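To start, the structure under review is shown below, and the notes come after it.
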Amino acid sequence: MASAEAVFEADLAAGVVFEADLAAETADEVYAEPVAAPVRAPLAPRTPPTDPETRARATAPDLPAEAVADARGASAATGASGPQEPREPSEPTEPTEPTEPTEPTEPTEPAATTEPSEARTRTGQVPITVLSERRATSAGEYHDSLRRSLLGRPLRDDKWAWILPGIVAALAALLRFWNLGTPHRLVFDETYYVKGGWTMIQSGTDLKWPDEIDGTKINALFEAGQTSTYLQEGDFVVHPPIGKILIGISEQIFGITSSLGWRAMTALIGVLMVLMLARIARRIFRSTILGALTGLWMAIDGLAIVQSRTSLLDQYVAFFALAAFGFLVLDRDWSRARLAERMAGYIRDGNTIPDIGPRLGFRYYRLLAGISLGLCCGSKWSGIYFVAVFGLLTVLWDLNARRVAGVKRYVWSTFWPQGIAAFCAIVPVTFAVYLLSWTGWFLSSLGWGKGEVEKATFTLPEAAPGWLGDLVGWDWMPGILRDFVYYHWQMYNFSVNLSSEHPYMTKPITWLLQLRPTSYYYESYTNGQAGCTAEKCSSAITSLGNPILWWVATLALLVSIFFLIARRDWRAGVPVAGILAGYAPWFLYWDRTIFTFYSVAFEAFLWIGLTYFFVMLIGGEDATPRRRREGIIVLGCFVVLALAVSAFFYPIWTAQVIPYDQWRWRMWLPSWI
């Protein structure tokens, strides 16, 4: 007896087209072509007309081709072994007269049977049960093919999907939490954010600290445990509150008098970033091993380690940007699976696929991405570029999904209902979360700039737009909102015009190669001091990335750009998107005082690009065994080299006391000093 699949195959004019398997662990992605829904073709007439299909057509000539096809399926369902070859009759018969296999007989009424298929075929009716079964078969085939084309190889959610990323995250925790309280000093810009975080928890807003008390610097007093010496006066701070609030929560939990308490939250954020990156890359490459490898790059990188061990705001920008991207990757997988399911539903139910395709319903992951982006912008304004790039990226993913699925008006349906939905789930949510982050300032009577506009006591720089000068007359807006707008103008004006000289300020063109890292802390010791056993020793915290990782990742970025253009591979687009959002905008502020450590915001995307580079190097399923073997050997050697370099530089990332000569060994370039 022929299977339903074999019977139905003859009625398809075009089969399901789908791209080559993306998901071999290291396979090259072939740009997907649209997947066609199953189409039934007219059947060629048979001679002589002895089969049930022709009899059905003869008795009901206006029967649609689909019904004719189902008539043949009915014959198979009642015991036929599939389409029968035409047989020569023993004697000539009229074309419309049914014949037995051996000799002609007079037409007779069909015998009563429990299966009504034959009777319905004689009258031109389609057996509903058979039609439903065959539609389900067609829909199932279409769904599986479309889903594979949209998502690639299914992910296996076995125990290793969490064990391997967990191992990498445990390594990251060891490198970040070990001796975290050393040095017990406010290093670099911790002086602003550690103290600001504490006043945030105490009063809800930033308060001023005196420069010194009785001739003693305020930082020395703070480090000695005098943490209540702040003034009851708002402080002008040019960064939003979220990062400082999280630092303050850490101080509240672990203690303000401990440098471990200052930095614990930032270190925890750094560990979670490694775990997130491993899981995100696992979805991108459809491989747990490749995901864990991507997490490993971040776990052992010096820039990521130093930023995780220092309470600065850039780590929070990086964390929430990566979280937002992770939610969008989850949305990509969910929406594509939903698209395949609903497209197949049209086939199963016998409905025509709308020109604009199916609606996918509310997309919760996009909402979570909007919340994360709001927290990102609430840490530093540089997060706004991630909002723009990620918002466009998720719409382009939708555009390609609908094109591959064969939606006729895929451009219109993407930018009209889907694009508007994406905008509403991301932009207004981001703004709302950002606004909520300022709740403490709104509620506190000590917030900077409160009442300035109403009292008309403010002065504007010459470059201020004219509408700011009219704020006093904006009676339709509550006074506190006018103060809020003016405060933000002050923040913007300060940020874009900051040009004070700093020995470690850099141009963004040097960041990818880590040509000028930032020195956060440096102390010299002589023999017998702080455990120094040499004539002269050094203790340093240098925000320097693992040079081997960064240099090869820069090359990998060029490879990603090439494959994005040449193959339109979405995986290659991920590091490019991260660079556009976190790196490219800094070229607009070429003359501003900026630092290499800002690159922590986008480095996670560089590590995705680095893994992609090795995926291309090893090759896909069509690669020769020799190429795959040699590629894996190169990857293994690179991992060992990267681990060795990180071990070599770890002392200058964590303020370990080492002989001065050994510190000099680690200064490979003069610009690193």
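Each chain in the structure tokens gets a letter, A, B and so on, in the order shown; residues start at 1 in every chain, and ligands are counted from 1 in the order they appear.
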
Notebook entry, point to check: Can you tell me, as a list in words, what residues are no more than 12 Å from A:Thr227 when counting only C-alpha atoms, ignoring any on the same chain fewer than 5 positions away?
Noted result: Val194, Lys195, Gly196, Gly197, Trp198, Thr199, Gln202, Trp209, Pro210, Ile218, Asn219, Ala220, Leu221, Phe222, Glu251, Gly255, Ile256, Thr257 and Ser258 of chain A

Select from stretch 526-604 of chain A every residue with an atom at most 10 Å from any atom of stretch 278-285 of chain A, then for each give the shortest pair of atoms and their distance in Å to one decimal, using only C-alpha atoms, rows by chain and rising number, as CSV.
residue,atom,partner,partner_atom,distance
A:Trp570,CA,A:Ile284,CA,9.0
A:Arg571,CA,A:Ile284,CA,6.6
A:Val574,CA,A:Ile284,CA,9.0
A:Ala604,CA,A:Ala281,CA,9.9

Next item on the list: For A:Gln514, list every protein, DNA or RNA residue within 9 Å, evaluated using only C-alpha atoms, and leave out those in the same chain fewer than 6 positions away; present the list as a ChimeraX atom specification.
Entry: /A:544-547,550-551,596,672

If we count only C-alpha atoms and set the cut-off at 12 Å, which residues sit around A:Leu293, ignoring sequence neighbours fewer than 4 positions away in its own chain? Please answer as a CSV table (one decimal) with N, CA, C and O atoms, in the first residue's frame.
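Result file is result-v3.csv:
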chain,number,residue,atom,x,y,z
A,164,LEU,N,28.7,23.3,29.9
A,164,LEU,CA,29.9,23.9,29.3
A,164,LEU,C,29.9,25.5,29.5
A,164,LEU,O,30.9,26.0,29.9
A,165,PRO,N,28.8,26.2,29.2
A,165,PRO,CA,28.8,27.6,29.6
A,165,PRO,C,29.0,27.9,31.1
A,165,PRO,O,29.6,28.8,31.4
A,166,GLY,N,28.5,26.9,31.9
A,166,GLY,CA,28.7,27.1,33.4
A,166,GLY,C,30.2,27.0,33.8
A,166,GLY,O,30.6,27.7,34.6
A,167,ILE,N,30.9,26.1,33.1
A,167,ILE,CA,32.3,25.9,33.4
A,167,ILE,C,33.1,27.2,33.0
A,167,ILE,O,33.9,27.7,33.8
A,168,VAL,N,32.7,27.7,31.8
A,168,VAL,CA,33.4,28.9,31.4
A,168,VAL,C,33.1,30.1,32.3
A,168,VAL,O,33.9,30.9,32.7
A,169,ALA,N,31.8,30.2,32.8
A,169,ALA,CA,31.4,31.2,33.7
A,169,ALA,C,32.1,31.1,35.1
A,169,ALA,O,32.5,32.1,35.7
A,274,VAL,N,29.6,36.7,30.7
A,274,VAL,CA,30.3,35.5,30.1
A,274,VAL,C,29.2,34.4,29.9
A,274,VAL,O,29.2,33.8,28.8
A,275,LEU,N,28.4,34.2,30.9
A,275,LEU,CA,27.4,33.1,30.7
A,275,LEU,C,26.4,33.5,29.6
A,275,LEU,O,26.0,32.6,28.8
A,277,LEU,N,26.9,35.5,27.1
A,277,LEU,CA,27.5,35.4,25.7
A,277,LEU,C,27.6,34.0,25.3
A,277,LEU,O,27.4,33.7,24.1
A,278,ALA,N,28.0,33.0,26.1
A,278,ALA,CA,28.1,31.6,25.7
A,278,ALA,C,26.7,31.1,25.3
A,278,ALA,O,26.7,30.4,24.3
A,279,ARG,N,25.7,31.5,26.0
A,279,ARG,CA,24.4,31.0,25.6
A,279,ARG,C,23.9,31.6,24.3
A,279,ARG,O,23.2,31.0,23.5
A,280,ILE,N,24.2,32.9,24.1
A,280,ILE,CA,23.7,33.6,22.9
A,280,ILE,C,24.5,33.1,21.7
A,280,ILE,O,23.9,32.8,20.7
A,281,ALA,N,25.8,32.9,21.8
A,281,ALA,CA,26.6,32.4,20.7
A,281,ALA,C,26.2,30.9,20.4
A,281,ALA,O,26.2,30.5,19.2
A,282,ARG,N,25.7,30.2,21.4
A,282,ARG,CA,25.2,28.8,21.2
A,282,ARG,C,24.0,28.9,20.2
A,282,ARG,O,23.9,28.0,19.3
A,285,PHE,N,25.4,30.0,16.5
A,285,PHE,CA,26.1,29.0,15.8
A,285,PHE,C,25.5,27.6,15.9
A,285,PHE,O,26.0,26.6,15.3
A,287,SER,N,25.5,25.5,18.3
A,287,SER,CA,26.5,24.6,18.8
A,287,SER,C,26.8,25.0,20.2
A,287,SER,O,27.2,26.2,20.5
A,288,THR,N,26.7,24.1,21.2
A,288,THR,CA,27.1,24.4,22.6
A,288,THR,C,28.6,24.6,22.7
A,288,THR,O,29.1,25.5,23.4
A,289,ILE,N,29.4,23.8,21.9
A,289,ILE,CA,30.8,23.9,22.0
A,289,ILE,C,31.3,25.3,21.5
A,289,ILE,O,32.1,26.0,22.2
A,297,TRP,N,36.5,33.4,25.3
A,297,TRP,CA,37.2,34.6,24.9
A,297,TRP,C,37.0,35.8,25.9
A,297,TRP,O,38.0,36.5,26.3
A,298,MET,N,35.8,36.0,26.3
A,298,MET,CA,35.5,37.1,27.2
A,298,MET,C,36.0,36.7,28.6
A,298,MET,O,36.5,37.6,29.3
A,299,ALA,N,35.9,35.5,29.0
A,299,ALA,CA,36.3,35.1,30.3
A,299,ALA,C,37.7,35.4,30.6
A,299,ALA,O,38.1,35.8,31.7
A,300,ILE,N,38.6,35.2,29.6
A,300,ILE,CA,40.1,35.4,29.8
A,300,ILE,C,40.6,36.7,29.3
A,300,ILE,O,41.8,36.9,29.4
A,607,TRP,N,34.0,39.0,20.0
A,607,TRP,CA,34.2,37.6,20.3
A,607,TRP,C,33.3,36.7,19.5
A,607,TRP,O,33.7,35.6,19.1
A,608,ILE,N,32.1,37.1,19.2
A,608,ILE,CA,31.3,36.4,18.3
A,608,ILE,C,31.9,36.3,16.9
A,608,ILE,O,31.9,35.3,16.2
A,609,GLY,N,32.5,37.5,16.5
A,609,GLY,CA,33.2,37.5,15.2
A,609,GLY,C,34.4,36.6,15.2
A,609,GLY,O,34.7,36.0,14.2
A,610,LEU,N,35.1,36.5,16.3
A,610,LEU,CA,36.3,35.7,16.4
A,610,LEU,C,35.9,34.2,16.2
A,610,LEU,O,36.6,33.5,15.5
A,611,THR,N,34.8,33.8,16.9
A,611,THR,CA,34.4,32.4,16.7
A,611,THR,C,33.9,32.2,15.3
A,611,THR,O,34.2,31.1,14.7
A,612,TYR,N,33.3,33.2,14.7
A,612,TYR,CA,32.8,33.0,13.3
A,612,TYR,C,34.0,32.8,12.4
A,612,TYR,O,34.0,32.1,11.4
A,614,PHE,N,36.8,31.3,13.0
A,614,PHE,CA,37.3,29.9,13.1
A,614,PHE,C,36.3,29.0,12.5
A,614,PHE,O,36.7,27.9,11.9
A,615,VAL,N,35.0,29.3,12.5
A,615,VAL,CA,34.0,28.5,11.8
A,615,VAL,C,34.3,28.5,10.3
A,615,VAL,O,34.3,27.5,9.6
A,635,LEU,N,42.8,26.0,15.7
A,635,LEU,CA,41.9,26.6,16.8
A,635,LEU,C,42.4,26.1,18.1
A,635,LEU,O,42.5,26.9,19.1
A,636,GLY,N,42.8,24.9,18.3
A,636,GLY,CA,43.3,24.4,19.6
A,636,GLY,C,44.6,25.1,20.0
A,636,GLY,O,44.7,25.5,21.2
A,638,PHE,N,45.5,28.1,19.1
A,638,PHE,CA,45.1,29.5,19.4
A,638,PHE,C,44.5,29.6,20.8
A,638,PHE,O,44.9,30.5,21.6
A,639,VAL,N,43.7,28.6,21.2
A,639,VAL,CA,43.1,28.6,22.6
A,639,VAL,C,44.3,28.5,23.6
A,639,VAL,O,44.3,29.3,24.6
A,642,ALA,N,46.1,31.8,23.7
A,642,ALA,CA,45.4,32.9,24.3
A,642,ALA,C,45.4,32.7,25.9
A,642,ALA,O,45.5,33.7,26.6

Could you pull out the alpha helix (DSSP H) residues of stretch 496-627 of chain A from DSSP and send them as number ranges by chain? A: 496, 547-567, 570-582, 603-618, 625-627

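Across A:Met491, A:Leu512, A:Ala601, A:Ala344, the tightest approach to A:Ala136 is made by A:Ala344 when counting only C-alpha atoms.
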
query: Could you pull out the strand (DSSP E or B) residues of stretch 190-272 of chain A from DSSP and send them as number ranges by chain?
result: A: 207, 212-213, 216-217, 234

Write the residues of the selection above to a file with all heavy atoms, as a PDB file, in the first residue's frame.
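Written output follows (out.pdb):
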ATOM      1  N   LEU A 207      24.823  63.502  45.505  1.00  0.00           N
ATOM      2  CA  LEU A 207      25.120  64.613  46.401  1.00  0.00           C
ATOM      3  C   LEU A 207      26.606  64.937  46.337  1.00  0.00           C
ATOM      4  O   LEU A 207      27.433  64.080  46.008  1.00  0.00           O
ATOM      5  CB  LEU A 207      24.715  64.273  47.840  1.00  0.00           C
ATOM      6  CG  LEU A 207      23.237  63.975  48.073  1.00  0.00           C
ATOM      7  CD1 LEU A 207      22.987  63.674  49.547  1.00  0.00           C
ATOM      8  CD2 LEU A 207      22.359  65.129  47.605  1.00  0.00           C
ATOM      9  N   GLU A 212      38.230  68.016  50.555  1.00  0.00           N
ATOM     10  CA  GLU A 212      39.040  67.570  51.694  1.00  0.00           C
ATOM     11  C   GLU A 212      38.404  68.073  52.979  1.00  0.00           C
ATOM     12  O   GLU A 212      37.572  68.987  52.976  1.00  0.00           O
ATOM     13  CB  GLU A 212      40.476  68.074  51.574  1.00  0.00           C
ATOM     14  CG  GLU A 212      40.600  69.589  51.509  1.00  0.00           C
ATOM     15  CD  GLU A 212      42.026  70.058  51.364  1.00  0.00           C
ATOM     16  OE1 GLU A 212      42.805  69.411  50.620  1.00  0.00           O
ATOM     17  OE2 GLU A 212      42.379  71.079  52.000  1.00  0.00           O
ATOM     18  N   ILE A 213      38.808  67.458  54.064  1.00  0.00           N
ATOM     19  CA  ILE A 213      38.340  67.862  55.393  1.00  0.00           C
ATOM     20  C   ILE A 213      39.564  67.960  56.298  1.00  0.00           C
ATOM     21  O   ILE A 213      40.307  66.974  56.466  1.00  0.00           O
ATOM     22  CB  ILE A 213      37.321  66.861  55.963  1.00  0.00           C
ATOM     23  CG1 ILE A 213      36.065  66.825  55.093  1.00  0.00           C
ATOM     24  CG2 ILE A 213      36.952  67.229  57.400  1.00  0.00           C
ATOM     25  CD1 ILE A 213      35.031  65.820  55.568  1.00  0.00           C
ATOM     26  N   THR A 216      42.803  66.718  54.882  1.00  0.00           N
ATOM     27  CA  THR A 216      42.896  65.331  54.426  1.00  0.00           C
ATOM     28  C   THR A 216      41.979  65.146  53.225  1.00  0.00           C
ATOM     29  O   THR A 216      40.809  65.549  53.259  1.00  0.00           O
ATOM     30  CB  THR A 216      42.487  64.350  55.536  1.00  0.00           C
ATOM     31  OG1 THR A 216      43.310  64.582  56.688  1.00  0.00           O
ATOM     32  CG2 THR A 216      42.657  62.910  55.069  1.00  0.00           C
ATOM     33  N   LYS A 217      42.506  64.558  52.162  1.00  0.00           N
ATOM     34  CA  LYS A 217      41.726  64.343  50.960  1.00  0.00           C
ATOM     35  C   LYS A 217      40.512  63.466  51.268  1.00  0.00           C
ATOM     36  O   LYS A 217      40.586  62.522  52.054  1.00  0.00           O
ATOM     37  CB  LYS A 217      42.569  63.675  49.880  1.00  0.00           C
ATOM     38  CG  LYS A 217      43.726  64.527  49.365  1.00  0.00           C
ATOM     39  CD  LYS A 217      43.225  65.754  48.606  1.00  0.00           C
ATOM     40  CE  LYS A 217      44.369  66.531  47.985  1.00  0.00           C
ATOM     41  NZ  LYS A 217      43.894  67.755  47.271  1.00  0.00           N
ATOM     42  N   GLY A 234      22.821  68.917  46.035  1.00  0.00           N
ATOM     43  CA  GLY A 234      22.865  68.144  44.808  1.00  0.00           C
ATOM     44  C   GLY A 234      24.153  68.361  44.036  1.00  0.00           C
ATOM     45  O   GLY A 234      24.718  69.452  44.034  1.00  0.00           O
TER      46      GLY A 234
END

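Of note, atom CA of A:Cys637 and atom CA of A:Phe562 are spaced 24.9 Å apart.
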
Spatial neighbours of A:Asp349, 10 Å, only C-alpha atoms, chain gap at least 2 places, as a VMD selection string = chain A and resid 132 135 to 136 139 344 to 347 351 to 352

From the list A:Val640, A:Ile632, A:Leu436, A:Ala463, the nearest residue to A:Ile548 using only C-alpha atoms is A:Val640

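For A:Lys536, the set of protein, DNA and RNA residues having any atom at most 9 Å away, when counting only C-alpha atoms and skipping those fewer than 5 positions along the same chain, is A:Ser524, A:Tyr525, A:Thr526, A:Asn527, A:Ile658, A:Pro659, A:Tyr660, A:Asp661.
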
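Taking only C-alpha atoms into account, A:Thr593 lies nearest to A:Lys507 out of the set A:Lys507, A:Arg185, A:Arg627, A:Arg363.
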